[in-house]
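Okay, so here's the structure we're looking at.
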Amino acid sequence: MGQLLWELLKNRELIWTLALKELRVRYKRSALGFLWALLNPLLMMGILAVVFSTVMRIAVDRYAIFVLSTLLPWTFFSQSLAYSVESLVGNGDLLKKVRIAKLVFPAAAVLSNIINFLLSMIPLLLLLAIFRFPLHWTWVYLPVAMLSLILFTMGCSFFFSIANVFFRDMSHIIQVVLSAWFYVSPVIYSLDFLPERYHFYFRLNPMLYLLNGFRLAIYYGQLPTWQSMSMSFGCGLGSILIGYAVFRRYQEVLVYYV
Amino acid sequence: MSDTAAKGGTRIQFENVVQRFRVIRERPDTLREVFTRLFRNRNSYHEFEALKNVSFSIADGETVGIIGRNGSGKSTTLKIIAGVYEPTSGVVNVSGTVAPLIELGAGFHPDLTGRENILMNGLLLGMTRQKIRACEQRIIDFAELGEFIDSPIKQYSSGMIMRLGFSIATEVDPEILLLDEILAVGDAAFQEKCMARIDDFRQRGKTVIFVSHSMSAVRKICQRAILIHEGRILADGTPDEVFERYDDILHKPIGTT
């Protein structure tokens with residue numbers, strides 16, 4: 001863990017520049033540029049709001065905010081993973097030519113999505129104002145919730161980026177896994193929409209705990225229970241420890257396989 | 001940066017270095033292949049020794065040309081010096097900073113401007129942001145890019161990209177400069193400038209390793225040449241001696257020496 005922090009710190013300028021590059025390239029050729037980072041969650045939310053509150057008639061007060069509170073962190077997670085799974089293979093040419101710390105690529109993929117996530121808070125705040133929704137004091141908990149989610153995401157990114165070097169199927173598998181994961185996670189619904197007998201299975205999903213804090217703090221104005229907080233932090237910690245251990249184990253040989 | 005090695009001390013030392021690769025006949029790239037492989041014989045790769053017991057040492061301030069036919073192990077040697085590959089066996093000692101100019105402009109992104117790529121490339125080569133800022137103007141001037149510097153580099157000619165790459169890598173001011181067949185591009189005037197800069201490197205006691213097929217370029221830059229053939233060192237001496245030997249093997253089919 002100390003090793004990880006040291007490597008991140010040592011390469012911080014490179015990681016930061018790579019992350020900015022990724023954002024810049026992502027938005028560069030579009031007419032609206034960075035505005036897309038703000039528009040995307042709004043449009044996504046618009047679709048979901050129409051589908052769920054008018055077509056499927058889910059009775060949730062101000063469903064838009066209910067959904068957005070978990071959709072934004074979920075998008076951060078899934079986008080980070082989608083980007084980082086290709087990050088080592090995509091930079092294979094470079095890895096074969098220059099000696100650089102391999103972790104800068106998945107780390108930059110995650111960082112660029114952290115920036116994107118922070119930008120997407122702006123449309124959320126805008127919506128709160130439009131709906132005259134209260135800005136609960138529990139927002140102060142969000143950095144803590146975010147920390148757990150970042151740890152979890154980083155761990156997954158490390159794991160899948162290096163797994164993809166050895167098995168190129170990973171990038172396809174991850175797409176399918178992410179879309180399945182989206183529906184079994186309480187993003188567009190919450191656990192109490194479901195019959196009690198299924199709850200046990202849904203509680204095995206780390207995303208339940210990781211997203212829980214966001215919805216409680218933003219939508220309900222409550223803090224999660226201690227158990228839920230420690231579960232989400234535990235999931236984050238477990239993920240980063242496993243992910244980084246696997247990454248370290250294989251980072252020296254990956255150059256022969258990219 | 002370590003300046004510990006005294007002038008004339010050893011910069012790079014290879015002792016019985018062996019680099020073995022698994023050359024894949026069919027590497028299991030996908031899970032399906034892993035599963036099918038479980039039921040078939042597993043020998044779908046063969047081992048290939050890119051370097052077979054290579055030993056040499058290079059001192060401070062030497063400019064050494066590495067020559068040999070395609071696939072002889074030249075680039076592998078450079079990559080080991082750069083630290084990209086860990087040798088399979090043998091000892092490698094490299095002291096000081098290395099600018100791995102394995103390929104000019106590795107890591108350039110076509111959508112970024114020249115200036116943005118300077119920052120990116122400099123960081124990849126191990127410079128700090130502050131240091132890059134400080135020498136940015138010198139890089140632009142040397143590369144003769146003028147106002148193109150703020151255009152995306154996909155609009156550059158290949159010569160411009162090469163000039164920019166060379167300019168960044170030499171501005172890193174490493175103790176060891178690795179050049180892999182890079183002076184083939186660029187016009188005569190710019191080649192002169194590159195030569196002058198390499199010469200300046202040498203005079204400041206830095207080590208330059210230069211891989212090339214061009215006899216004249218090696219003669220011009222290097223006082224010493226090493227001939228690698230099929231993973232072994234065949235000759236090591238002045239460029240004239242070594243090129244004589246190179247001529248001998250050049251006309252033989254591979255595998256007969």
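We name chains A, B, ... following the order of the structure tokens; residues begin at 1 in each chain, and ligands are numbered from 1 as shown.
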
Using the chain letters and numbers from this document, which residues of range 18-168 of chain B does DSSP assign to strand (DSSP E), as a PyMOL selection string? chain B and resi 18-24+45-59+63-67+89-94+98-101

Got a sec: who's within 6 Å of range 99-110 of chain A, counting only C-alpha atoms, leaving out chain neighbours fewer than 3 positions off, as a ChimeraX atom specification? /A:15,18-19,80,83-84,87,113 /B:83-84

Would you mind exporting the chosen residues as an mmCIF file, in the first residue's frame, restricted to C-alpha atoms?
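part.cif, freshly written:
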data_model
loop_
_atom_site.group_PDB
_atom_site.id
_atom_site.type_symbol
_atom_site.label_atom_id
_atom_site.label_comp_id
_atom_site.auth_asym_id
_atom_site.auth_seq_id
_atom_site.Cartn_x
_atom_site.Cartn_y
_atom_site.Cartn_z
ATOM 1 C CA ILE A 15 -0.684 10.830 -14.353
ATOM 2 C CA LEU A 18 -2.253 11.801 -19.116
ATOM 3 C CA ALA A 19 -5.663 12.254 -17.508
ATOM 4 C CA SER A 80 -13.303 4.276 -15.388
ATOM 5 C CA TYR A 83 -11.311 3.159 -20.116
ATOM 6 C CA SER A 84 -8.730 1.464 -17.975
ATOM 7 C CA SER A 87 -5.205 1.403 -21.027
ATOM 8 C CA ASN A 113 -13.139 10.053 -14.738
ATOM 9 C CA GLY B 83 15.319 -0.927 -18.854
ATOM 10 C CA VAL B 84 12.321 -1.978 -20.893
#

Compare B:Ala59, B:Cys135, B:Ala143, B:Ala225 by their minimum atom-to-atom distance to Gly205 in chain B, counting only C-alpha atoms, and give me the closest one. B:Ala59

Select, as a list in words, those residues of chain A with any atom no more than 7 Å from chain B (distances computed using only C-alpha atoms).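 Therefore, the residues near the partner are Glu13, Leu14, Thr17, Val25, Leu94, Lys96, Lys97, Val98, Arg99, Ile100, Phe166, Phe167, Arg168 and Asp169 of chain A.
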
Within range 7-250 of chain B, find each residue whose DSSP state, derived from the backbone, is alpha helix (DSSP H), and express the selection as an mmCIF file with C-alpha atoms, in the first residue's frame.
data_model
loop_
_atom_site.group_PDB
_atom_site.id
_atom_site.type_symbol
_atom_site.label_atom_id
_atom_site.label_comp_id
_atom_site.auth_asym_id
_atom_site.auth_seq_id
_atom_site.Cartn_x
_atom_site.Cartn_y
_atom_site.Cartn_z
ATOM 1 C CA LEU B 31 -9.967 -17.425 -23.251
ATOM 2 C CA ARG B 32 -11.255 -19.728 -25.936
ATOM 3 C CA GLU B 33 -7.705 -20.472 -26.921
ATOM 4 C CA VAL B 34 -6.777 -21.134 -23.316
ATOM 5 C CA PHE B 35 -9.533 -23.681 -23.063
ATOM 6 C CA THR B 36 -8.748 -25.382 -26.332
ATOM 7 C CA ARG B 37 -5.075 -25.408 -25.416
ATOM 8 C CA LEU B 38 -5.846 -27.419 -22.306
ATOM 9 C CA LYS B 74 20.405 -4.548 -31.893
ATOM 10 C CA SER B 75 17.124 -3.155 -30.700
ATOM 11 C CA THR B 76 16.875 -5.766 -27.979
ATOM 12 C CA THR B 77 20.212 -4.536 -26.687
ATOM 13 C CA LEU B 78 18.961 -0.952 -26.621
ATOM 14 C CA LYS B 79 15.781 -1.974 -24.846
ATOM 15 C CA ILE B 80 17.749 -3.754 -22.160
ATOM 16 C CA ILE B 81 19.883 -0.642 -21.658
ATOM 17 C CA ALA B 82 16.714 1.442 -21.460
ATOM 18 C CA GLY B 114 3.268 20.442 -30.460
ATOM 19 C CA ARG B 115 3.464 22.280 -27.156
ATOM 20 C CA GLU B 116 1.179 19.796 -25.425
ATOM 21 C CA ASN B 117 3.198 16.934 -26.830
ATOM 22 C CA ILE B 118 6.412 18.466 -25.527
ATOM 23 C CA LEU B 119 4.974 18.317 -22.028
ATOM 24 C CA MET B 120 3.639 14.783 -22.489
ATOM 25 C CA ASN B 121 6.812 13.437 -24.045
ATOM 26 C CA GLY B 122 9.078 15.180 -21.569
ATOM 27 C CA LEU B 123 7.182 13.675 -18.651
ATOM 28 C CA LEU B 124 7.356 10.242 -20.239
ATOM 29 C CA ARG B 129 6.954 19.794 -15.519
ATOM 30 C CA GLN B 130 9.050 22.668 -14.235
ATOM 31 C CA LYS B 131 12.109 21.587 -16.161
ATOM 32 C CA ILE B 132 10.104 21.150 -19.334
ATOM 33 C CA ARG B 133 8.698 24.673 -19.032
ATOM 34 C CA ALA B 134 12.205 25.985 -18.650
ATOM 35 C CA CYS B 135 13.520 24.424 -21.809
ATOM 36 C CA GLU B 136 10.363 24.523 -23.895
ATOM 37 C CA GLN B 137 11.496 27.463 -25.982
ATOM 38 C CA ARG B 138 14.852 25.867 -26.702
ATOM 39 C CA ILE B 139 13.085 22.723 -27.894
ATOM 40 C CA ILE B 140 10.830 24.699 -30.216
ATOM 41 C CA ASP B 141 13.726 26.698 -31.581
ATOM 42 C CA PHE B 142 15.889 23.710 -32.207
ATOM 43 C CA ALA B 143 13.080 21.845 -33.937
ATOM 44 C CA SER B 158 6.994 13.456 -40.765
ATOM 45 C CA GLY B 159 10.197 15.487 -40.779
ATOM 46 C CA MET B 160 8.714 17.997 -38.349
ATOM 47 C CA ILE B 161 7.598 15.258 -35.987
ATOM 48 C CA MET B 162 11.041 13.746 -36.089
ATOM 49 C CA ARG B 163 12.704 17.066 -35.393
ATOM 50 C CA LEU B 164 10.435 17.675 -32.446
ATOM 51 C CA GLY B 165 11.116 14.209 -31.049
ATOM 52 C CA PHE B 166 14.861 14.567 -31.398
ATOM 53 C CA SER B 167 14.787 18.007 -29.919
ATOM 54 C CA ILE B 168 12.887 16.877 -26.798
ATOM 55 C CA ALA B 169 14.974 13.783 -26.213
ATOM 56 C CA THR B 170 18.271 15.603 -26.400
ATOM 57 C CA GLU B 171 16.995 18.425 -24.240
ATOM 58 C CA ALA B 188 20.625 17.476 -44.822
ATOM 59 C CA ALA B 189 20.644 20.742 -42.904
ATOM 60 C CA PHE B 190 18.808 19.259 -39.961
ATOM 61 C CA GLN B 191 20.989 16.171 -40.010
ATOM 62 C CA GLU B 192 23.974 18.467 -39.669
ATOM 63 C CA LYS B 193 22.375 20.032 -36.626
ATOM 64 C CA CYS B 194 21.709 16.631 -35.106
ATOM 65 C CA MET B 195 25.275 15.571 -35.687
ATOM 66 C CA ALA B 196 26.512 18.742 -34.063
ATOM 67 C CA ARG B 197 24.319 18.139 -31.052
ATOM 68 C CA ILE B 198 25.464 14.534 -30.718
ATOM 69 C CA ASP B 199 29.021 15.781 -30.961
ATOM 70 C CA ASP B 200 28.319 18.269 -28.218
ATOM 71 C CA PHE B 201 26.998 15.412 -26.113
ATOM 72 C CA ARG B 202 30.173 13.488 -26.583
ATOM 73 C CA GLN B 203 32.363 16.412 -25.728
ATOM 74 C CA MET B 215 28.049 3.104 -42.640
ATOM 75 C CA SER B 216 28.697 6.756 -43.266
ATOM 76 C CA ALA B 217 26.636 7.893 -40.291
ATOM 77 C CA VAL B 218 28.395 5.486 -37.948
ATOM 78 C CA ARG B 219 31.781 6.522 -39.293
ATOM 79 C CA LYS B 220 30.926 10.140 -38.775
ATOM 80 C CA ILE B 221 29.594 9.841 -35.226
ATOM 81 C CA PRO B 239 34.133 1.422 -37.368
ATOM 82 C CA ASP B 240 36.456 0.614 -40.259
ATOM 83 C CA GLU B 241 37.439 -2.777 -38.896
ATOM 84 C CA VAL B 242 33.937 -3.681 -37.922
ATOM 85 C CA PHE B 243 32.365 -2.685 -41.207
ATOM 86 C CA GLU B 244 34.841 -4.877 -43.024
ATOM 87 C CA ARG B 245 33.553 -7.786 -41.026
ATOM 88 C CA TYR B 246 29.987 -6.692 -41.597
ATOM 89 C CA ASP B 247 30.495 -6.790 -45.348
ATOM 90 C CA ASP B 248 31.539 -10.425 -45.052
ATOM 91 C CA ILE B 249 28.369 -11.572 -43.369
ATOM 92 C CA LEU B 250 26.044 -9.252 -45.200
#

Shell around Phe48 in chain B at 12 Å using only C-alpha atoms, local window under 2 positions removed, as an MDAnalysis selection string: chainID B and resid 18:25 45:46 50:52 71:73 88 230:231

Selection above as a file: C-alpha atoms, as a PDB file, in the first residue's frame:
ATOM      1  CA  VAL B  18      20.982 -13.743 -22.540  1.00  0.00           C
ATOM      2  CA  GLN B  19      17.589 -12.534 -23.661  1.00  0.00           C
ATOM      3  CA  ARG B  20      15.141 -15.228 -24.496  1.00  0.00           C
ATOM      4  CA  PHE B  21      11.701 -14.650 -25.906  1.00  0.00           C
ATOM      5  CA  ARG B  22       8.873 -16.997 -26.298  1.00  0.00           C
ATOM      6  CA  VAL B  23       7.949 -16.641 -29.880  1.00  0.00           C
ATOM      7  CA  ILE B  24       4.371 -17.550 -30.139  1.00  0.00           C
ATOM      8  CA  ARG B  25       3.224 -19.811 -32.845  1.00  0.00           C
ATOM      9  CA  TYR B  45       5.595 -21.557 -28.790  1.00  0.00           C
ATOM     10  CA  HIS B  46       9.263 -21.924 -29.278  1.00  0.00           C
ATOM     11  CA  ALA B  50      17.571 -12.738 -29.227  1.00  0.00           C
ATOM     12  CA  LEU B  51      20.847 -12.326 -27.358  1.00  0.00           C
ATOM     13  CA  LYS B  52      23.147 -15.243 -26.661  1.00  0.00           C
ATOM     14  CA  GLY B  71      16.702  -9.184 -36.362  1.00  0.00           C
ATOM     15  CA  SER B  72      20.243  -9.560 -35.110  1.00  0.00           C
ATOM     16  CA  GLY B  73      19.514  -8.229 -31.621  1.00  0.00           C
ATOM     17  CA  THR B  88      16.689 -13.664 -18.953  1.00  0.00           C
ATOM     18  CA  GLU B 230      22.329 -13.623 -34.596  1.00  0.00           C
ATOM     19  CA  GLY B 231      22.508 -12.584 -30.975  1.00  0.00           C
TER      20      GLY B 231
END

Set the distance at 12 Å and use only C-alpha atoms: which residues neighbour Phe193 in chain A once local chain neighbours fewer than 4 positions away are removed? I'd like the list as a PyMOL selection string. chain A and resi 58-60+186-189+197-199+202

C-alpha atoms of the current selection, written as a short mmCIF file (atom, residue, chain, number, x, y, z; two decimals), in the first residue's frame:
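What landed in again08.cif:
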data_model
loop_
_atom_site.label_atom_id
_atom_site.label_comp_id
_atom_site.auth_asym_id
_atom_site.auth_seq_id
_atom_site.Cartn_x
_atom_site.Cartn_y
_atom_site.Cartn_z
CA ILE A 58 -42.53 4.20 -10.34
CA ALA A 59 -43.84 6.36 -7.56
CA VAL A 60 -40.80 8.14 -6.23
CA PRO A 186 -29.59 -0.18 -6.86
CA VAL A 187 -28.98 2.65 -9.30
CA ILE A 188 -32.35 3.21 -10.93
CA TYR A 189 -34.26 1.59 -8.07
CA ARG A 197 -36.66 -12.75 -0.13
CA TYR A 198 -34.21 -11.46 -2.76
CA HIS A 199 -32.47 -9.02 -0.44
CA PHE A 202 -28.48 -8.21 -3.47
#

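Excluding Phe214 in chain A itself and same-chain residues fewer than 5 positions from it, the residues having an atom within 9 Å of it are A:Ser69, A:Thr70, A:Pro73, A:Trp139, A:Tyr141, A:Leu142, A:Ala145, A:Met146, A:Tyr219, counting only C-alpha atoms.
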
Selection export as a PDB file, in the first residue's frame, atoms kept: C-alpha atoms:
ATOM      1  CA  SER A  69     -27.639  10.574  -6.877  1.00  0.00           C
ATOM      2  CA  THR A  70     -26.524   7.031  -7.707  1.00  0.00           C
ATOM      3  CA  PRO A  73     -21.159   7.609  -9.099  1.00  0.00           C
ATOM      4  CA  TRP A 139     -23.343  16.400   1.441  1.00  0.00           C
ATOM      5  CA  TYR A 141     -20.270  12.910   3.752  1.00  0.00           C
ATOM      6  CA  LEU A 142     -19.798  12.631  -0.018  1.00  0.00           C
ATOM      7  CA  ALA A 145     -18.286   7.922   0.058  1.00  0.00           C
ATOM      8  CA  MET A 146     -16.184   8.959  -2.909  1.00  0.00           C
ATOM      9  CA  TYR A 219     -31.588  12.404  -1.679  1.00  0.00           C
TER      10      TYR A 219
END

May I ask for the distance between CA of Phe182 in chain A and CA of Trp74 in chain A, given in Å to one decimal place?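 If I compute the distance from CA of Phe182 in chain A to CA of Trp74 in chain A, I get 7.9 Å.
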
Could you pull the residues within 10 Å of range 130-136 of chain A, counting only C-alpha atoms, minus those fewer than 6 positions along the same chain, as a PyMOL selection string? chain A and resi 62+64-65+124+216-222

For those residues, write C-alpha atoms to a file as a PDB file, in the first residue's frame.
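So again_26.pdb came out as:
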ATOM      1  CA  ARG A  62     -38.625  13.737  -7.650  1.00  0.00           C
ATOM      2  CA  ALA A  64     -34.716  12.569 -11.272  1.00  0.00           C
ATOM      3  CA  ILE A  65     -32.713  13.384  -8.189  1.00  0.00           C
ATOM      4  CA  LEU A 124     -26.904  17.888 -10.320  1.00  0.00           C
ATOM      5  CA  LEU A 216     -28.718   8.702   1.432  1.00  0.00           C
ATOM      6  CA  ALA A 217     -26.649  11.853   1.594  1.00  0.00           C
ATOM      7  CA  ILE A 218     -27.959  13.536  -1.534  1.00  0.00           C
ATOM      8  CA  TYR A 219     -31.588  12.404  -1.679  1.00  0.00           C
ATOM      9  CA  TYR A 220     -32.649  11.496   1.839  1.00  0.00           C
ATOM     10  CA  GLY A 221     -30.383  13.826   3.766  1.00  0.00           C
ATOM     11  CA  GLN A 222     -29.228  10.998   6.015  1.00  0.00           C
TER      12      GLN A 222
END

Please list as a ChimeraX atom specification every residue within 12 Å of Arg204 in chain B, counting only C-alpha atoms and excluding residues in the same chain fewer than 5 positions away. /B:7-8,60-63,173-176,197-199
